[in-house]
file structure.cif (mmCIF, N, CA and C atoms)
data_model
#
loop_
_atom_site.label_atom_id
_atom_site.label_comp_id
_atom_site.auth_asym_id
_atom_site.auth_seq_id
_atom_site.Cartn_x
_atom_site.Cartn_y
_atom_site.Cartn_z
N MET F 1 -13.58 31.83 23.39
CA MET F 1 -13.29 30.41 23.55
C MET F 1 -13.82 29.65 22.33
N ALA F 2 -13.02 28.69 21.87
CA ALA F 2 -13.36 27.92 20.68
C ALA F 2 -14.44 26.88 21.00
N THR F 3 -15.30 26.67 20.04
CA THR F 3 -16.33 25.66 20.21
C THR F 3 -15.75 24.28 19.85
N VAL F 4 -16.49 23.25 20.20
CA VAL F 4 -16.08 21.89 19.90
C VAL F 4 -15.98 21.69 18.38
N THR F 5 -16.90 22.27 17.65
CA THR F 5 -16.89 22.16 16.19
C THR F 5 -15.63 22.79 15.61
N GLU F 6 -15.26 23.96 16.13
CA GLU F 6 -14.05 24.63 15.65
C GLU F 6 -12.80 23.82 15.99
N LEU F 7 -12.76 23.25 17.18
CA LEU F 7 -11.62 22.42 17.57
C LEU F 7 -11.51 21.18 16.69
N LYS F 8 -12.65 20.57 16.36
CA LYS F 8 -12.64 19.41 15.47
C LYS F 8 -12.09 19.79 14.10
N ALA F 9 -12.51 20.95 13.59
CA ALA F 9 -12.06 21.40 12.27
C ALA F 9 -10.55 21.65 12.26
N VAL F 10 -10.05 22.28 13.30
CA VAL F 10 -8.62 22.56 13.39
C VAL F 10 -7.83 21.25 13.51
N LEU F 11 -8.33 20.34 14.31
CA LEU F 11 -7.66 19.05 14.47
C LEU F 11 -7.63 18.29 13.15
N LYS F 12 -8.75 18.28 12.44
CA LYS F 12 -8.83 17.60 11.14
C LYS F 12 -7.85 18.21 10.15
N ASP F 13 -7.81 19.53 10.08
CA ASP F 13 -6.88 20.21 9.17
C ASP F 13 -5.43 19.89 9.50
N THR F 14 -5.11 19.88 10.79
CA THR F 14 -3.74 19.58 11.22
C THR F 14 -3.35 18.16 10.85
N LEU F 15 -4.25 17.21 11.09
CA LEU F 15 -3.96 15.81 10.76
C LEU F 15 -3.83 15.61 9.25
N GLU F 16 -4.63 16.33 8.47
CA GLU F 16 -4.53 16.25 7.01
C GLU F 16 -3.20 16.81 6.53
N LYS F 17 -2.78 17.95 7.07
CA LYS F 17 -1.52 18.57 6.66
C LYS F 17 -0.33 17.69 6.99
N ARG F 18 -0.39 16.97 8.08
CA ARG F 18 0.71 16.08 8.48
C ARG F 18 0.67 14.73 7.78
N GLY F 19 -0.40 14.46 7.04
CA GLY F 19 -0.53 13.20 6.34
C GLY F 19 -1.03 12.06 7.19
N VAL F 20 -1.34 12.34 8.44
CA VAL F 20 -1.78 11.30 9.36
C VAL F 20 -3.19 10.84 9.02
N LEU F 21 -4.06 11.75 8.67
CA LEU F 21 -5.46 11.41 8.41
C LEU F 21 -5.58 10.47 7.21
N GLY F 22 -4.86 10.76 6.14
CA GLY F 22 -4.88 9.88 4.97
C GLY F 22 -4.35 8.50 5.29
N HIS F 23 -3.29 8.46 6.09
CA HIS F 23 -2.71 7.17 6.48
C HIS F 23 -3.71 6.36 7.32
N LEU F 24 -4.39 7.03 8.23
CA LEU F 24 -5.38 6.34 9.07
C LEU F 24 -6.54 5.82 8.23
N LYS F 25 -6.99 6.62 7.28
CA LYS F 25 -8.08 6.18 6.41
C LYS F 25 -7.67 4.96 5.60
N ALA F 26 -6.45 4.98 5.06
CA ALA F 26 -5.96 3.85 4.28
C ALA F 26 -5.83 2.61 5.15
N ARG F 27 -5.36 2.80 6.35
CA ARG F 27 -5.20 1.67 7.28
C ARG F 27 -6.55 1.07 7.65
N ILE F 28 -7.54 1.93 7.88
CA ILE F 28 -8.88 1.46 8.21
C ILE F 28 -9.47 0.68 7.04
N ARG F 29 -9.30 1.22 5.81
CA ARG F 29 -9.78 0.50 4.62
C ARG F 29 -9.14 -0.87 4.51
N ALA F 30 -7.83 -0.93 4.72
CA ALA F 30 -7.12 -2.21 4.64
C ALA F 30 -7.63 -3.19 5.68
N GLU F 31 -7.87 -2.72 6.89
CA GLU F 31 -8.36 -3.59 7.96
C GLU F 31 -9.78 -4.07 7.69
N VAL F 32 -10.60 -3.22 7.09
CA VAL F 32 -11.97 -3.62 6.74
C VAL F 32 -11.93 -4.72 5.69
N PHE F 33 -11.11 -4.53 4.65
CA PHE F 33 -11.00 -5.56 3.62
C PHE F 33 -10.42 -6.85 4.19
N LYS F 34 -9.49 -6.72 5.10
CA LYS F 34 -8.89 -7.90 5.74
C LYS F 34 -9.95 -8.65 6.54
N ALA F 35 -10.80 -7.92 7.23
CA ALA F 35 -11.86 -8.54 8.02
C ALA F 35 -12.90 -9.22 7.12
N LEU F 36 -13.13 -8.66 5.94
CA LEU F 36 -14.10 -9.22 5.02
C LEU F 36 -13.53 -10.35 4.16
N ASP F 37 -12.22 -10.48 4.16
CA ASP F 37 -11.57 -11.50 3.34
C ASP F 37 -11.99 -12.89 3.80
N ASP F 38 -12.43 -13.69 2.84
CA ASP F 38 -12.90 -15.04 3.13
C ASP F 38 -11.71 -15.97 3.27
N GLU F 39 -11.36 -16.32 4.50
CA GLU F 39 -10.22 -17.19 4.77
C GLU F 39 -10.49 -18.63 4.36
N SER F 40 -11.75 -19.02 4.20
CA SER F 40 -12.06 -20.40 3.85
C SER F 40 -11.73 -20.70 2.39
N GLU F 41 -11.63 -19.66 1.57
CA GLU F 41 -11.27 -19.84 0.17
C GLU F 41 -9.80 -19.47 0.00
N PRO F 42 -8.95 -20.48 -0.19
CA PRO F 42 -7.51 -20.19 -0.27
C PRO F 42 -7.17 -19.40 -1.53
N ARG F 43 -6.14 -18.60 -1.42
CA ARG F 43 -5.67 -17.85 -2.57
C ARG F 43 -4.92 -18.78 -3.52
N PRO F 44 -4.95 -18.48 -4.80
CA PRO F 44 -4.17 -19.30 -5.73
C PRO F 44 -2.68 -19.04 -5.50
N PRO F 45 -1.85 -19.99 -5.90
CA PRO F 45 -0.41 -19.78 -5.73
C PRO F 45 0.04 -18.55 -6.53
N LEU F 46 0.97 -17.82 -5.96
CA LEU F 46 1.46 -16.61 -6.60
C LEU F 46 2.62 -16.97 -7.53
N SER F 47 2.41 -16.76 -8.82
CA SER F 47 3.47 -17.06 -9.78
C SER F 47 4.55 -15.99 -9.68
N HIS F 48 5.73 -16.33 -10.18
CA HIS F 48 6.83 -15.38 -10.16
C HIS F 48 6.48 -14.13 -10.96
N GLU F 49 5.78 -14.30 -12.07
CA GLU F 49 5.39 -13.17 -12.90
C GLU F 49 4.44 -12.24 -12.15
N ASN F 50 3.47 -12.82 -11.44
CA ASN F 50 2.53 -11.99 -10.68
C ASN F 50 3.23 -11.28 -9.53
N LEU F 51 4.20 -11.93 -8.93
CA LEU F 51 4.98 -11.29 -7.87
C LEU F 51 5.71 -10.07 -8.43
N LEU F 52 6.29 -10.22 -9.62
CA LEU F 52 6.97 -9.09 -10.25
C LEU F 52 5.99 -7.97 -10.58
N ILE F 53 4.82 -8.32 -11.08
CA ILE F 53 3.80 -7.31 -11.40
C ILE F 53 3.40 -6.55 -10.13
N ASN F 54 3.18 -7.29 -9.04
CA ASN F 54 2.82 -6.64 -7.77
C ASN F 54 3.92 -5.68 -7.33
N GLU F 55 5.17 -6.10 -7.48
CA GLU F 55 6.29 -5.24 -7.10
C GLU F 55 6.36 -4.00 -7.97
N LEU F 56 6.09 -4.15 -9.26
CA LEU F 56 6.09 -2.99 -10.15
C LEU F 56 4.99 -2.00 -9.76
N ILE F 57 3.83 -2.53 -9.44
CA ILE F 57 2.73 -1.66 -9.02
C ILE F 57 3.09 -0.94 -7.73
N ARG F 58 3.68 -1.68 -6.77
CA ARG F 58 4.09 -1.06 -5.51
C ARG F 58 5.12 0.04 -5.75
N GLU F 59 6.12 -0.25 -6.60
CA GLU F 59 7.15 0.75 -6.92
C GLU F 59 6.54 1.99 -7.57
N TYR F 60 5.59 1.77 -8.49
CA TYR F 60 4.92 2.89 -9.15
C TYR F 60 4.20 3.76 -8.12
N LEU F 61 3.46 3.11 -7.23
CA LEU F 61 2.72 3.86 -6.21
C LEU F 61 3.66 4.65 -5.32
N GLU F 62 4.74 4.04 -4.89
CA GLU F 62 5.69 4.73 -4.01
C GLU F 62 6.42 5.85 -4.75
N PHE F 63 6.81 5.60 -6.00
CA PHE F 63 7.51 6.62 -6.79
C PHE F 63 6.65 7.86 -6.96
N ASN F 64 5.36 7.67 -7.19
CA ASN F 64 4.44 8.78 -7.41
C ASN F 64 3.81 9.30 -6.12
N LYS F 65 4.35 8.87 -5.00
CA LYS F 65 3.94 9.35 -3.67
C LYS F 65 2.49 9.01 -3.33
N TYR F 66 2.01 7.84 -3.86
CA TYR F 66 0.69 7.34 -3.48
C TYR F 66 0.86 6.42 -2.29
N LYS F 67 1.40 6.97 -1.20
CA LYS F 67 1.77 6.12 -0.08
C LYS F 67 0.57 5.49 0.62
N TYR F 68 -0.56 6.12 0.61
CA TYR F 68 -1.72 5.53 1.28
C TYR F 68 -2.27 4.36 0.46
N THR F 69 -2.31 4.54 -0.85
CA THR F 69 -2.74 3.45 -1.72
C THR F 69 -1.75 2.29 -1.63
N ALA F 70 -0.47 2.61 -1.58
CA ALA F 70 0.55 1.56 -1.44
C ALA F 70 0.40 0.83 -0.12
N SER F 71 0.01 1.53 0.93
CA SER F 71 -0.15 0.86 2.22
C SER F 71 -1.30 -0.14 2.19
N VAL F 72 -2.35 0.17 1.42
CA VAL F 72 -3.45 -0.79 1.27
C VAL F 72 -2.97 -2.00 0.48
N LEU F 73 -2.21 -1.77 -0.59
CA LEU F 73 -1.66 -2.87 -1.37
C LEU F 73 -0.76 -3.75 -0.51
N LEU F 74 0.08 -3.15 0.29
CA LEU F 74 0.98 -3.92 1.14
C LEU F 74 0.21 -4.70 2.20
N ALA F 75 -0.86 -4.11 2.72
CA ALA F 75 -1.65 -4.81 3.73
C ALA F 75 -2.35 -6.03 3.14
N ASP F 76 -2.63 -5.98 1.83
CA ASP F 76 -3.33 -7.07 1.16
C ASP F 76 -2.36 -7.98 0.41
N ASP F 77 -1.07 -7.80 0.68
CA ASP F 77 -0.04 -8.53 -0.04
C ASP F 77 -0.17 -10.03 0.17
N HIS F 78 0.34 -10.76 -0.77
CA HIS F 78 0.22 -12.23 -0.77
C HIS F 78 1.15 -12.84 0.28
N PRO F 79 0.67 -13.82 1.05
CA PRO F 79 1.51 -14.42 2.10
C PRO F 79 2.74 -15.15 1.58
N GLU F 80 2.73 -15.63 0.33
CA GLU F 80 3.88 -16.34 -0.20
C GLU F 80 5.09 -15.42 -0.33
N LYS F 81 4.85 -14.14 -0.45
CA LYS F 81 5.95 -13.19 -0.57
C LYS F 81 6.81 -13.25 0.68
N ALA F 82 6.18 -13.45 1.81
CA ALA F 82 6.92 -13.50 3.08
C ALA F 82 7.74 -14.77 3.22
N LYS F 83 7.47 -15.76 2.38
CA LYS F 83 8.19 -17.03 2.48
C LYS F 83 9.57 -16.99 1.86
N GLY F 84 10.00 -15.83 1.41
CA GLY F 84 11.35 -15.73 0.91
C GLY F 84 11.47 -15.41 -0.57
N LYS F 85 10.36 -15.31 -1.27
CA LYS F 85 10.45 -14.89 -2.66
C LYS F 85 10.84 -13.42 -2.67
N SER F 86 11.79 -13.11 -3.49
CA SER F 86 12.19 -11.71 -3.57
C SER F 86 12.27 -11.30 -5.04
N THR F 87 12.19 -10.02 -5.25
CA THR F 87 12.30 -9.51 -6.61
C THR F 87 13.36 -8.44 -6.62
N ASN F 88 13.98 -8.29 -7.76
CA ASN F 88 14.87 -7.17 -7.97
C ASN F 88 14.88 -6.85 -9.45
N ILE F 89 15.62 -5.82 -9.82
CA ILE F 89 15.61 -5.34 -11.20
C ILE F 89 16.14 -6.40 -12.16
N LYS F 90 17.01 -7.28 -11.71
CA LYS F 90 17.55 -8.34 -12.57
C LYS F 90 16.46 -9.33 -12.96
N ASP F 91 15.48 -9.55 -12.08
CA ASP F 91 14.38 -10.46 -12.39
C ASP F 91 13.55 -9.99 -13.57
N LEU F 92 13.53 -8.69 -13.80
CA LEU F 92 12.71 -8.13 -14.87
C LEU F 92 13.42 -8.16 -16.22
N HIS F 93 14.73 -8.38 -16.21
CA HIS F 93 15.54 -8.41 -17.43
C HIS F 93 15.49 -7.07 -18.15
N ILE F 94 15.48 -5.98 -17.36
CA ILE F 94 15.52 -4.64 -17.93
C ILE F 94 16.49 -3.81 -17.11
N SER F 95 16.90 -2.70 -17.65
CA SER F 95 17.76 -1.81 -16.89
C SER F 95 16.90 -0.79 -16.16
N GLN F 96 17.42 -0.30 -15.08
CA GLN F 96 16.66 0.67 -14.30
C GLN F 96 16.64 2.00 -15.03
N ALA F 97 15.46 2.48 -15.37
CA ALA F 97 15.32 3.68 -16.18
C ALA F 97 15.42 4.96 -15.36
N VAL F 98 14.95 4.94 -14.14
CA VAL F 98 14.91 6.13 -13.33
C VAL F 98 15.71 5.91 -12.07
N LYS F 99 16.64 6.79 -11.82
CA LYS F 99 17.40 6.71 -10.57
C LYS F 99 16.82 7.75 -9.62
N ARG F 100 16.57 7.32 -8.40
CA ARG F 100 15.96 8.23 -7.42
C ARG F 100 17.01 8.96 -6.65
#

call {"tool": "encode", "arguments": {"input": "structure.cif", "output": "structure tokens"}}
result
Amino acid sequence: MATVTELKAVLKDTLEKRGVLGHLKARIRAEVFKALDDESEPRPPLSHENLLINELIREYLEFNKYKYTASVLLADDHPEKAKGKSTNIKDLHISQAVKR
């Protein structure tokens, strides 16, 4: 019969292989930072250039399969983005170099 320690190790390995453990850790980090975020100090307005930079960083993270890091970035995303600002490749005035 397996001990509790052995069952914990098998469960941890299984969750790591499925990618669930990394996702949970990233989500917990994002929630901790969200809880620590000082709501009394408003964020500066998000310029269009900064919005594009954020989108480029997000795309880079997703392209390179840094999905847990990207999930933290998305959890900390600026609220103005939800107000209807959108970005696309035309906003950057460049052609798309890599097709997925």

call {"tool": "atom_distance", "arguments": {"input": "structure.cif", "atom1": "atom CA of F:Tyr66", "atom2": "atom CA of F:Gly22"}}
result
10.4 Å

call {"tool": "atom_distance", "arguments": {"input": "structure.cif", "atom1": "atom CA of F:Thr5", "atom2": "atom C of F:Val20"}}
result
19.2 Å

call {"tool": "atom_distance", "arguments": {"input": "structure.cif", "atom1": "atom N of F:Glu59", "atom2": "atom N of F:Leu73"}}
result
10.4 Å

call {"tool": "closest_residue", "arguments": {"input": "structure.cif", "among": "F:Arg18, F:Arg43, F:His23, F:Lys12", "to": "F:Tyr68", "atoms": "only N, CA and C atoms"}}
result
F:His23

call {"tool": "residues_around", "arguments": {"input": "structure.cif", "residues": "F:Ser71", "least_positions_apart": "4", "cutoff": "12 Å", "atoms": "only C-alpha atoms", "output": "MDAnalysis selection string"}}
result
chainID F and resid 22:31 57:59 61:62 65:67 75:77

call {"tool": "closest_residue", "arguments": {"input": "structure.cif", "among": "F:Glu16, F:Lys34, F:Leu11, F:His48", "to": "F:Leu74", "atoms": "only C-alpha atoms"}}
result
F:Lys34
